[in-house]
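Have a look at query-v9.pdb; it's PDB, C-alpha atoms and all ligand atoms:
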```pdb
ATOM      1  CA  MET Y  55      14.870   2.890  18.436
ATOM      2  CA  GLY Y  56      13.584   0.797  15.506
ATOM      3  CA  GLU Y  57      10.030   0.808  14.134
ATOM      4  CA  PHE Y  58       9.076  -2.538  15.684
ATOM      5  CA  GLU Y  59      10.635  -1.644  19.072
ATOM      6  CA  PHE Y  60       8.588   1.551  19.068
ATOM      7  CA  ILE Y  61       5.384  -0.380  18.338
ATOM      8  CA  GLU Y  62       6.231  -2.939  21.070
ATOM      9  CA  GLY Y  63       6.658  -0.008  23.490
ATOM     10  CA  ILE Y  64       3.236   1.394  22.531
ATOM     11  CA  LYS Y  65       1.695  -2.035  22.998
ATOM     12  CA  ARG Y  66       3.148  -2.373  26.528
ATOM     13  CA  MET Y  67       2.173   1.189  27.419
ATOM     14  CA  PHE Y  68      -1.474   0.566  26.523
ATOM     15  CA  ALA Y  69      -1.726  -3.068  27.673
ATOM     16  CA  ALA Y  70      -3.794  -2.177  30.741
ATOM     17  CA  VAL Y  71      -5.933   0.522  29.088
ATOM     18  CA  GLY Y  72      -9.420  -0.411  27.896
ATOM     19  CA  ASP Y  73     -11.278  -3.711  27.990
ATOM     20  CA  PRO Y  74      -9.279  -6.577  26.441
ATOM     21  CA  ALA Y  75     -12.492  -8.594  25.975
ATOM     22  CA  ALA Y  76     -13.953  -5.779  23.842
ATOM     23  CA  ILE Y  77     -11.042  -5.444  21.434
ATOM     24  CA  GLN Y  78      -7.778  -7.267  20.748
ATOM     25  CA  GLY Y  79      -5.394  -4.630  19.508
ATOM     26  CA  ILE Y  80      -1.831  -4.065  18.447
ATOM     27  CA  GLY Y  81       0.211  -6.861  16.895
ATOM     28  CA  ASP Y  82      -1.769  -8.320  14.014
ATOM     29  CA  ASP Y  83      -2.731  -7.101  10.544
ATOM     30  CA  CYS Y  84      -6.015  -5.858  12.043
ATOM     31  CA  ALA Y  85      -7.445  -5.268  15.496
ATOM     32  CA  VAL Y  86     -10.365  -7.612  16.283
ATOM     33  CA  MET Y  87     -13.611  -6.486  17.940
ATOM     34  CA  PRO Y  88     -15.984  -9.392  18.721
ATOM     35  CA  LEU Y  89     -19.636  -8.542  18.052
ATOM     36  CA  GLY Y  90     -20.840 -11.276  20.416
ATOM     37  CA  ASP Y  91     -22.920 -13.044  17.743
ATOM     38  CA  GLY Y  92     -20.161 -15.303  16.412
ATOM     39  CA  ARG Y  93     -18.760 -12.573  14.179
ATOM     40  CA  SER Y  94     -16.093  -9.915  14.643
ATOM     41  CA  LEU Y  95     -15.251  -6.562  13.132
ATOM     42  CA  VAL Y  96     -11.624  -6.032  12.133
ATOM     43  CA  PHE Y  97      -9.890  -2.639  11.837
ATOM     44  CA  THR Y  98      -6.698  -1.468  10.217
ATOM     45  CA  ALA Y  99      -5.072   1.875   9.345
ATOM     46  CA  ASP Y 100      -2.280   2.705   6.914
ATOM     47  CA  MET Y 101      -0.759   6.028   6.041
ATOM     48  CA  LEU Y 102       0.806   6.943   2.695
ATOM     49  CA  LEU Y 103       2.984  10.046   2.424
ATOM     50  CA  GLU Y 104       4.131  11.840  -0.703
ATOM     51  CA  GLY Y 105       7.904  11.519  -0.973
ATOM     52  CA  THR Y 106       7.953   8.408   1.257
ATOM     53  CA  HIS Y 107       5.355   6.060  -0.259
ATOM     54  CA  PHE Y 108       4.757   7.685  -3.616
ATOM     55  CA  LEU Y 109       6.031  10.431  -5.895
ATOM     56  CA  CYS Y 110       3.368  12.559  -7.554
ATOM     57  CA  GLU Y 111       5.532  12.898 -10.666
ATOM     58  CA  ALA Y 112       5.909   9.101 -10.999
ATOM     59  CA  ALA Y 113       2.379   7.863 -10.235
ATOM     60  CA  THR Y 114      -0.955   9.195 -11.404
ATOM     61  CA  ALA Y 115      -3.382  10.476  -8.794
ATOM     62  CA  ARG Y 116      -5.713   7.651  -9.834
ATOM     63  CA  GLN Y 117      -3.005   5.047  -9.115
ATOM     64  CA  ILE Y 118      -2.304   6.624  -5.721
ATOM     65  CA  GLY Y 119      -6.031   6.533  -4.930
ATOM     66  CA  ARG Y 120      -6.218   2.846  -5.813
ATOM     67  CA  LYS Y 121      -3.054   1.939  -3.903
ATOM     68  CA  SER Y 122      -4.131   3.834  -0.751
ATOM     69  CA  LEU Y 123      -7.143   1.565  -0.548
ATOM     70  CA  ALA Y 124      -5.406  -1.599  -1.784
ATOM     71  CA  VAL Y 125      -2.793  -1.683   0.983
ATOM     72  CA  ASN Y 126      -5.529  -1.459   3.626
ATOM     73  CA  LEU Y 127      -7.722  -4.093   1.987
ATOM     74  CA  SER Y 128      -4.692  -6.362   1.966
ATOM     75  CA  ASP Y 129      -4.590  -6.242   5.790
ATOM     76  CA  ILE Y 130      -8.322  -7.103   5.915
ATOM     77  CA  ALA Y 131      -7.661 -10.035   3.550
ATOM     78  CA  ALA Y 132      -4.842 -11.227   5.825
ATOM     79  CA  MET Y 133      -7.384 -11.758   8.631
ATOM     80  CA  GLY Y 134      -9.645 -13.869   6.395
ATOM     81  CA  ALA Y 135     -12.249 -11.082   6.582
ATOM     82  CA  ARG Y 136     -14.532  -9.295   4.099
ATOM     83  CA  PRO Y 137     -13.964  -5.528   3.769
ATOM     84  CA  VAL Y 138     -17.061  -3.459   4.549
ATOM     85  CA  ALA Y 139     -16.153   0.231   4.770
ATOM     86  CA  THR Y 140     -13.303   2.717   4.940
ATOM     87  CA  LEU Y 141     -12.635   6.151   6.430
ATOM     88  CA  LEU Y 142     -10.398   8.350   4.267
ATOM     89  CA  SER Y 143      -8.378  11.304   5.564
ATOM     90  CA  LEU Y 144      -6.549  13.545   3.133
ATOM     91  CA  GLY Y 145      -4.008  16.305   3.655
ATOM     92  CA  LEU Y 146      -3.753  18.267   0.401
ATOM     93  CA  PRO Y 147      -1.282  21.035  -0.429
ATOM     94  CA  ALA Y 148      -2.191  23.953  -2.663
ATOM     95  CA  GLY Y 149      -2.310  22.859  -6.286
ATOM     96  CA  ARG Y 150      -3.652  19.387  -5.486
ATOM     97  CA  THR Y 151      -7.039  20.332  -4.099
ATOM     98  CA  SER Y 152      -9.097  20.098  -7.286
ATOM     99  CA  GLY Y 153      -7.981  18.137 -10.411
ATOM    100  CA  TRP Y 154      -5.474  15.933  -8.600
ATOM    101  CA  ALA Y 155      -7.855  15.229  -5.719
ATOM    102  CA  GLU Y 156     -10.696  14.333  -8.104
ATOM    103  CA  GLU Y 157      -8.482  11.916 -10.007
ATOM    104  CA  PHE Y 158      -7.321  10.400  -6.682
ATOM    105  CA  MET Y 159     -10.974   9.855  -5.741
ATOM    106  CA  THR Y 160     -11.672   8.217  -9.119
ATOM    107  CA  GLY Y 161      -9.030   5.583  -8.337
ATOM    108  CA  TYR Y 162     -10.242   5.156  -4.754
ATOM    109  CA  HIS Y 163     -13.814   4.777  -6.029
ATOM    110  CA  GLU Y 164     -12.831   2.175  -8.666
ATOM    111  CA  LEU Y 165     -11.298  -0.190  -6.138
ATOM    112  CA  SER Y 166     -14.060   0.497  -3.569
ATOM    113  CA  GLN Y 167     -16.605  -0.497  -6.189
ATOM    114  CA  GLN Y 168     -14.643  -3.590  -7.268
ATOM    115  CA  PHE Y 169     -14.734  -4.984  -3.722
ATOM    116  CA  GLY Y 170     -18.087  -3.484  -2.625
ATOM    117  CA  VAL Y 171     -16.518  -1.362   0.118
ATOM    118  CA  ALA Y 172     -18.417   1.754   1.270
ATOM    119  CA  LEU Y 173     -16.688   5.041   2.029
ATOM    120  CA  ALA Y 174     -18.095   5.819   5.484
ATOM    121  CA  GLY Y 175     -16.332   9.100   6.321
ATOM    122  CA  GLY Y 176     -12.969  10.715   6.874
ATOM    123  CA  ASP Y 177     -11.386  14.147   7.058
ATOM    124  CA  THR Y 178     -10.015  16.667   4.578
ATOM    125  CA  THR Y 179      -7.377  19.221   5.549
ATOM    126  CA  ARG Y 180      -4.862  21.520   3.929
ATOM    127  CA  SER Y 181      -1.247  20.358   4.155
ATOM    128  CA  ARG Y 182       1.772  22.654   3.764
ATOM    129  CA  ASP Y 183       3.561  21.074   0.834
ATOM    130  CA  ARG Y 184       2.926  17.337   0.470
ATOM    131  CA  VAL Y 185       0.007  14.986   0.074
ATOM    132  CA  ALA Y 186      -0.781  12.788   3.106
ATOM    133  CA  VAL Y 187      -3.319   9.970   2.901
ATOM    134  CA  ASN Y 188      -4.610   7.938   5.837
ATOM    135  CA  VAL Y 189      -7.103   5.138   5.371
ATOM    136  CA  THR Y 190      -8.889   3.189   8.082
ATOM    137  CA  ALA Y 191     -10.549   0.027   6.792
ATOM    138  CA  ILE Y 192     -13.199  -2.045   8.561
ATOM    139  CA  GLY Y 193     -14.003  -5.661   7.760
ATOM    140  CA  ILE Y 194     -16.165  -8.436   9.131
ATOM    141  CA  ALA Y 195     -15.658 -12.184   9.546
ATOM    142  CA  ASP Y 196     -17.134 -15.162  11.322
ATOM    143  CA  ASP Y 197     -14.994 -15.734  14.411
ATOM    144  CA  ALA Y 198     -14.244 -19.243  13.126
ATOM    145  CA  CYS Y 199     -12.758 -17.775   9.933
ATOM    146  CA  LEU Y 200     -10.398 -15.237  11.544
ATOM    147  CA  LYS Y 201      -6.733 -15.960  10.857
ATOM    148  CA  ARG Y 202      -4.088 -14.517  13.127
ATOM    149  CA  ARG Y 203      -0.308 -14.271  13.001
ATOM    150  CA  SER Y 204      -0.119 -16.281  16.244
ATOM    151  CA  ASP Y 205      -1.578 -19.628  15.131
ATOM    152  CA  ALA Y 206       1.266 -21.226  13.135
ATOM    153  CA  ARG Y 207       1.999 -24.800  14.288
ATOM    154  CA  PRO Y 208       5.089 -26.977  13.904
ATOM    155  CA  GLY Y 209       4.571 -29.227  10.887
ATOM    156  CA  ASP Y 210       2.578 -26.580   8.951
ATOM    157  CA  MET Y 211       3.565 -25.824   5.398
ATOM    158  CA  ILE Y 212       4.322 -22.138   4.668
ATOM    159  CA  CYS Y 213       2.669 -20.930   1.453
ATOM    160  CA  VAL Y 214       2.352 -17.672  -0.486
ATOM    161  CA  THR Y 215      -0.490 -16.718  -2.826
ATOM    162  CA  GLY Y 216       1.537 -15.197  -5.651
ATOM    163  CA  ARG Y 217       4.920 -14.452  -7.136
ATOM    164  CA  LEU Y 218       7.244 -12.175  -5.169
ATOM    165  CA  GLY Y 219       9.601  -9.320  -6.013
ATOM    166  CA  ASP Y 220       7.729  -7.678  -8.921
ATOM    167  CA  SER Y 221       6.886  -4.593  -6.875
ATOM    168  CA  THR Y 222      10.485  -3.967  -5.834
ATOM    169  CA  ALA Y 223      11.723  -4.523  -9.379
ATOM    170  CA  GLY Y 224       8.998  -2.069 -10.450
ATOM    171  CA  LEU Y 225      10.128   0.481  -7.872
ATOM    172  CA  ARG Y 226      13.637   0.334  -9.340
ATOM    173  CA  GLU Y 227      12.155   1.147 -12.750
ATOM    174  CA  VAL Y 228      10.152   4.016 -11.279
ATOM    175  CA  LEU Y 229      13.270   5.450  -9.649
ATOM    176  CA  ALA Y 230      15.072   5.150 -12.999
ATOM    177  CA  GLY Y 231      12.293   7.219 -14.589
ATOM    178  CA  ASN Y 232      10.420   4.366 -16.347
ATOM    179  CA  TYR Y 233       7.066   5.271 -14.837
ATOM    180  CA  ALA Y 234       4.897   3.313 -17.282
ATOM    181  CA  SER Y 235       6.738  -0.015 -17.629
ATOM    182  CA  PRO Y 236       4.752  -3.209 -16.810
ATOM    183  CA  LEU Y 237       6.680  -3.699 -13.551
ATOM    184  CA  ALA Y 238       6.201  -0.034 -12.588
ATOM    185  CA  LEU Y 239       2.479  -0.596 -13.090
ATOM    186  CA  ILE Y 240       2.552  -3.566 -10.697
ATOM    187  CA  HIS Y 241       4.352  -1.381  -8.135
ATOM    188  CA  HIS Y 242       1.792   1.413  -8.512
ATOM    189  CA  ASP Y 243      -1.338  -0.731  -8.696
ATOM    190  CA  PRO Y 244      -1.148  -3.718  -6.317
ATOM    191  CA  GLN Y 245      -4.125  -6.102  -6.352
ATOM    192  CA  PRO Y 246      -5.160  -7.026  -2.796
ATOM    193  CA  HIS Y 247      -5.844 -10.761  -2.390
ATOM    194  CA  ILE Y 248      -9.325 -10.264  -0.940
ATOM    195  CA  VAL Y 249     -10.910 -13.268  -2.636
ATOM    196  CA  GLN Y 250      -8.035 -15.566  -1.691
ATOM    197  CA  GLY Y 251      -8.027 -14.232   1.904
ATOM    198  CA  GLN Y 252     -11.722 -14.958   2.417
ATOM    199  CA  TRP Y 253     -11.418 -18.402   0.843
ATOM    200  CA  LEU Y 254      -8.419 -19.260   3.026
ATOM    201  CA  GLY Y 255     -10.307 -17.859   6.040
ATOM    202  CA  GLN Y 256     -12.971 -20.499   5.515
ATOM    203  CA  GLN Y 257     -10.447 -23.355   5.589
ATOM    204  CA  ALA Y 258     -10.009 -24.784   9.090
ATOM    205  CA  ASP Y 259      -6.635 -26.254   8.093
ATOM    206  CA  VAL Y 260      -5.223 -22.766   7.465
ATOM    207  CA  HIS Y 261      -3.703 -21.720  10.788
ATOM    208  CA  ALA Y 262      -1.792 -18.410  10.555
ATOM    209  CA  MET Y 263      -1.971 -15.685   7.912
ATOM    210  CA  ILE Y 264      -0.295 -12.315   7.214
ATOM    211  CA  ASP Y 265      -0.025 -10.102   4.148
ATOM    212  CA  LEU Y 266       3.362  -9.537   2.536
ATOM    213  CA  SER Y 267       3.893  -5.791   2.828
ATOM    214  CA  ASP Y 268       7.491  -5.601   4.075
ATOM    215  CA  GLY Y 269       8.989  -8.712   2.415
ATOM    216  CA  LEU Y 270       8.745 -12.389   3.365
ATOM    217  CA  ALA Y 271      11.927 -12.206   5.493
ATOM    218  CA  SER Y 272      10.284  -9.628   7.742
ATOM    219  CA  ASP Y 273       6.640 -10.705   7.564
ATOM    220  CA  LEU Y 274       7.321 -14.412   8.190
ATOM    221  CA  ARG Y 275       9.348 -13.389  11.265
ATOM    222  CA  HIS Y 276       6.255 -11.622  12.638
ATOM    223  CA  VAL Y 277       4.365 -14.919  12.333
ATOM    224  CA  LEU Y 278       7.215 -16.809  14.032
ATOM    225  CA  VAL Y 279       7.464 -14.378  16.955
ATOM    226  CA  ALA Y 280       3.663 -14.256  17.430
ATOM    227  CA  SER Y 281       3.381 -18.070  17.264
ATOM    228  CA  GLY Y 282       6.563 -18.976  19.190
ATOM    229  CA  VAL Y 283       7.853 -21.251  16.419
ATOM    230  CA  GLY Y 284      10.706 -21.402  13.890
ATOM    231  CA  ALA Y 285      10.738 -21.890  10.113
ATOM    232  CA  GLU Y 286      12.723 -23.500   7.324
ATOM    233  CA  VAL Y 287      12.417 -21.818   3.935
ATOM    234  CA  ASP Y 288      13.429 -23.581   0.690
ATOM    235  CA  LEU Y 289      15.067 -20.892  -1.430
ATOM    236  CA  GLU Y 290      14.614 -22.887  -4.659
ATOM    237  CA  CYS Y 291      10.827 -22.783  -4.053
ATOM    238  CA  ILE Y 292      10.543 -18.976  -3.763
ATOM    239  CA  PRO Y 293       8.352 -17.972  -6.731
ATOM    240  CA  THR Y 294      10.135 -15.019  -8.319
ATOM    241  CA  ASP Y 295      11.386 -13.665 -11.634
ATOM    242  CA  HIS Y 296      13.862 -11.421  -9.796
ATOM    243  CA  SER Y 297      16.672 -11.703  -7.241
ATOM    244  CA  LEU Y 298      16.108 -13.377  -3.867
ATOM    245  CA  GLU Y 299      16.824  -9.979  -2.322
ATOM    246  CA  ASP Y 300      13.857  -8.513  -4.244
ATOM    247  CA  ALA Y 301      11.616 -11.473  -3.387
ATOM    248  CA  LEU Y 302      12.483 -11.811   0.310
ATOM    249  CA  ALA Y 303      13.381  -8.327   1.445
ATOM    250  CA  GLY Y 304      11.750  -6.027  -1.093
ATOM    251  CA  GLY Y 305       8.213  -5.601   0.175
ATOM    252  CA  GLU Y 306       4.963  -4.201  -1.225
ATOM    253  CA  ASP Y 307       3.978  -7.409  -3.019
ATOM    254  CA  TYR Y 308       0.667  -7.551  -1.084
ATOM    255  CA  LYS Y 309       0.320 -11.304  -1.578
ATOM    256  CA  LEU Y 310      -0.732 -13.421   1.413
ATOM    257  CA  LEU Y 311       1.477 -15.784   3.404
ATOM    258  CA  PHE Y 312      -0.293 -18.542   5.313
ATOM    259  CA  THR Y 313       0.581 -21.705   7.179
ATOM    260  CA  ALA Y 314      -1.545 -24.828   6.795
ATOM    261  CA  ALA Y 315      -1.579 -28.544   7.519
ATOM    262  CA  PRO Y 316       0.661 -30.046   4.784
ATOM    263  CA  ASP Y 317      -1.856 -32.607   3.473
ATOM    264  CA  VAL Y 318      -4.335 -29.938   2.292
ATOM    265  CA  VAL Y 319      -1.991 -27.733   0.285
ATOM    266  CA  GLU Y 320      -2.158 -29.739  -2.945
ATOM    267  CA  ARG Y 321      -5.973 -29.541  -2.885
ATOM    268  CA  TYR Y 322      -5.839 -25.781  -2.241
ATOM    269  CA  ARG Y 323      -3.571 -25.414  -5.272
ATOM    270  CA  ARG Y 324      -6.153 -27.151  -7.425
ATOM    271  CA  GLU Y 325      -9.015 -25.017  -6.075
ATOM    272  CA  VAL Y 326      -7.366 -21.594  -5.730
ATOM    273  CA  GLY Y 327      -4.746 -21.716  -8.461
ATOM    274  CA  GLU Y 328      -1.756 -19.681  -7.417
ATOM    275  CA  ILE Y 329      -0.394 -21.132  -4.173
ATOM    276  CA  TYR Y 330       3.302 -21.764  -3.708
ATOM    277  CA  PRO Y 331       4.629 -23.830  -0.783
ATOM    278  CA  VAL Y 332       7.943 -22.257   0.305
ATOM    279  CA  GLY Y 333       8.840 -23.983   3.558
ATOM    280  CA  ARG Y 334       7.787 -25.445   6.886
ATOM    281  CA  ILE Y 335       7.061 -24.325  10.438
ATOM    282  CA  VAL Y 336       9.325 -26.077  12.937
ATOM    283  CA  GLU Y 337       9.592 -26.169  16.711
ATOM    284  CA  GLY Y 338      12.086 -23.822  18.299
ATOM    285  CA  ALA Y 339      13.213 -20.210  18.463
ATOM    286  CA  PRO Y 340      11.457 -17.713  16.141
ATOM    287  CA  ARG Y 341      14.071 -17.637  13.410
ATOM    288  CA  ILE Y 342      14.247 -18.570   9.751
ATOM    289  CA  VAL Y 343      16.684 -21.234   8.515
ATOM    290  CA  TRP Y 344      17.271 -20.683   4.793
ATOM    291  CA  LEU Y 345      17.819 -23.930   2.851
ATOM    292  CA  ARG Y 346      18.915 -24.582  -0.708
ATOM    293  CA  ASN Y 347      18.143 -28.135  -1.837
ATOM    294  CA  GLY Y 348      17.912 -29.120   1.818
ATOM    295  CA  MET Y 349      21.263 -27.613   2.838
ATOM    296  CA  PRO Y 350      21.416 -24.570   5.166
ATOM    297  CA  VAL Y 351      22.821 -21.419   3.557
ATOM    298  CA  GLU Y 352      23.830 -18.137   5.114
ATOM    299  CA  GLY Y 353      21.266 -15.472   4.391
ATOM    300  CA  ASP Y 354      20.652 -12.128   5.999
ATOM    301  CA  TRP Y 355      17.487 -10.934   4.311
ATOM    302  CA  ARG Y 356      15.727  -8.534   6.635
ATOM    303  CA  GLY Y 357      12.813  -6.943   4.835
ATOM    304  CA  PHE Y 358      11.784  -3.330   4.865
ATOM    305  CA  VAL Y 359      11.627  -1.278   8.067
ATOM    306  CA  HIS Y 360      10.385   2.296   8.137
ATOM    307  CA  PHE Y 361      12.944   3.456  10.734
TER
HETATM  308  P1  LIG Y 401       0.944  -3.964   8.805
HETATM  309  O1  LIG Y 401       2.203  -3.966   7.982
HETATM  310  O2  LIG Y 401       0.182  -5.234   8.744
HETATM  311  O3  LIG Y 401       0.082  -2.733   8.545
HETATM  312  P2  LIG Y 401       2.508  -2.863  10.885
HETATM  313  O4  LIG Y 401       3.855  -3.513  10.850
HETATM  314  O5  LIG Y 401       2.339  -1.514  10.247
HETATM  315  O6  LIG Y 401       1.427  -3.869  10.306
HETATM  316  O7  LIG Y 401       2.033  -2.724  12.372
HETATM  317  C1  LIG Y 401       2.111  -3.812  13.257
HETATM  318  C2  LIG Y 401       1.068  -3.637  14.354
HETATM  319  O8  LIG Y 401       1.330  -2.444  15.093
HETATM  320  C3  LIG Y 401      -0.349  -3.507  13.834
HETATM  321  O9  LIG Y 401      -1.201  -4.223  14.705
HETATM  322  C4  LIG Y 401      -0.609  -2.014  13.897
HETATM  323  O10 LIG Y 401      -1.989  -1.733  14.074
HETATM  324  C5  LIG Y 401       0.196  -1.590  15.103
HETATM  325  N1  LIG Y 401       0.676  -0.186  15.048
HETATM  326  C6  LIG Y 401       1.552   0.343  14.158
HETATM  327  N2  LIG Y 401       1.778   1.650  14.422
HETATM  328  C7  LIG Y 401       1.010   1.968  15.509
HETATM  329  C8  LIG Y 401       0.781   3.163  16.265
HETATM  330  N3  LIG Y 401       1.393   4.297  15.969
HETATM  331  N4  LIG Y 401      -0.079   3.085  17.300
HETATM  332  C9  LIG Y 401      -0.701   1.937  17.617
HETATM  333  N5  LIG Y 401      -0.533   0.769  16.938
HETATM  334  C10 LIG Y 401       0.324   0.770  15.904
HETATM  335 MG    MG Y 402      -0.216  -6.449   7.144
END
```
Represent the structure of the file as structure tokens.
Ligand code: ADP
Ligand code: MG
Amino acid sequence: MGEFEFIEGIKRMFAAVGDPAAIQGIGDDCAVMPLGDGRSLVFTADMLLEGTHFLCEAATARQIGRKSLAVNLSDIAAMGARPVATLLSLGLPAGRTSGWAEEFMTGYHELSQQFGVALAGGDTTRSRDRVAVNVTAIGIADDACLKRRSDARPGDMICVTGRLGDSTAGLREVLAGNYASPLALIHHDPQPHIVQGQWLGQQADVHAMIDLSDGLASDLRHVLVASGVGAEVDLECIPTDHSLEDALAGGEDYKLLFTAAPDVVERYRREVGEIYPVGRIVEGAPRIVWLRNGMPVEGDWRGFVHF
């Protein structure tokens, strides 16, 4: 069973449990809990495991602290929300409980301070031999500003808020032992697009939004499935300094992908700066047609799956 099949199974299993008016759960970047005053809280959790998401010999504890928070803030940004607080749970093996843990917290504190996000609680336990980090982040937004994966409309332009593929190219450098190269630094220290996410949240012409954590090929498909639409992507418009494989299937770029009415995109570019139109939402089955200069090409970019 694949990762997304497993999650679909969980979603079905719990569909009838709890009050659906109180919280809308599994399937978006964050769960949404309406406060009843025109605003909602949003929640997200992400786990980072030593050996799977980071190597302690390749990244500093401070970088791992920053990244643990950044990947969660990225999901808050994808909803158009403002991050408010996090809960941090740490599993620490012997040898990482003092100096390493303090340096980790320095990084976590830096990014918390940068975005004004409180640390509201968590848990600290001993782990047998590897570091485990779990962060739950909480954000808030006006209901009118919330952006979901399910609101893409035929005719929308598909845009991304930054260049793609640097993180994957950086990971290759890390695995080759170049831990301090500029691309390795991008891989280790992603900058969540919180400001862009909130700005886009306020634009009524932005319809759907998601953050790019698994690669555009995978993340755009989530938007298509949730919205019941298809997409055409112009490969010559993908903003990257690397291969299309890195840009479309690499993951961990933590830029935002959104869909918006086509006539507003040029204005957004002038106001926000980095916005790249990469394709269009079309009617039809939830699949991506890859085009080069308007002509369909075969492409089988899939994006990252955990299992
Ligand atoms: P993201 O990459 O934005 O963090 P994921 O692909 O990890 O999203 O998860 C997709 C959806 O499935 C999210 O709504 C997430 O909260 C939910 N999800 C993932 N794993 C679990 C789990 N073990 N139990 C419940 N919900 C889960
Ligand atoms: Mg996400």
Q: Quote the spacing between atom CA of Y:Met211 and atom P2 of ligand LIG 401 (chain Y) in Å to one decimal place.
A: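 Between atom CA of Y:Met211 and atom P2 of ligand LIG 401 (chain Y) the gap works out to 23.6 Å.
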Q) Which residues form the shell of 8 Å around ligand MG 402 (chain Y) when you count only C-alpha atoms and all ligand atoms, given as a PyMOL selection string? A) chain Y and resi 82-84+128-129+132+264-267
(Q) Set the distance at 10 Å and use only C-alpha atoms: which residues neighbour Y:Leu270 once local chain neighbours fewer than 2 positions away are removed? I'd like the list as number ranges by chain. (A) Y: 214, 218-219, 264-268, 272-276, 292, 300-305, 307, 309-311, 355-358
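Using only C-alpha atoms and all ligand atoms, the smallest distance between any of Y:Ala314, Y:Leu146, Y:Val277, Y:Ala206 and ligand LIG 401 (chain Y) comes from Y:Val277.
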Q. What is the distance between atom CA of Y:Tyr233 and atom CA of Y:Ala112, in Å to one decimal?
A.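 Computed distance, atom CA of Y:Tyr233 to atom CA of Y:Ala112, equals 5.5 Å.
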Q: Could you state which residues are captured by the PyMOL selection byres (((chain Y and resi 236-240) around 8) and not hetatm) in this file, as a PyMOL selection string?
A: chain Y and resi 220-221+223-225+227-228+232-235+241-244
Q: Return as a PyMOL selection string the set of residues that the PyMOL selection byres (((chain Y and resi 103) around 8) and not hetatm) yields on the displayed structure.
A: chain Y and resi 101-102+104-108+184-187
What would the file look like if the residues just selected were written as a PDB file, in the frame of the given file with C-alpha atoms?
```pdb
ATOM      1  CA  MET Y 101      -0.759   6.028   6.041  1.00  0.00           C
ATOM      2  CA  LEU Y 102       0.806   6.943   2.695  1.00  0.00           C
ATOM      3  CA  GLU Y 104       4.131  11.840  -0.703  1.00  0.00           C
ATOM      4  CA  GLY Y 105       7.904  11.519  -0.973  1.00  0.00           C
ATOM      5  CA  THR Y 106       7.953   8.408   1.257  1.00  0.00           C
ATOM      6  CA  HIS Y 107       5.355   6.060  -0.259  1.00  0.00           C
ATOM      7  CA  PHE Y 108       4.757   7.685  -3.616  1.00  0.00           C
ATOM      8  CA  ARG Y 184       2.926  17.337   0.470  1.00  0.00           C
ATOM      9  CA  VAL Y 185       0.007  14.986   0.074  1.00  0.00           C
ATOM     10  CA  ALA Y 186      -0.781  12.788   3.106  1.00  0.00           C
ATOM     11  CA  VAL Y 187      -3.319   9.970   2.901  1.00  0.00           C
TER      12      VAL Y 187
END
```
Q: Evaluate the PyMOL selection byres (((chain Y and resi 72-80) around 10) and not hetatm) on the structure here and hand back the selected residues as a VMD selection string.
A: chain Y and resid 61 to 62 64 to 66 68 to 71 81 to 90 94 to 98
(Q) Would you compute the distance between atom CA of Y:Met133 and atom CA of Y:Gly92? Give it in Å to one decimal. (A) 15.4 Å
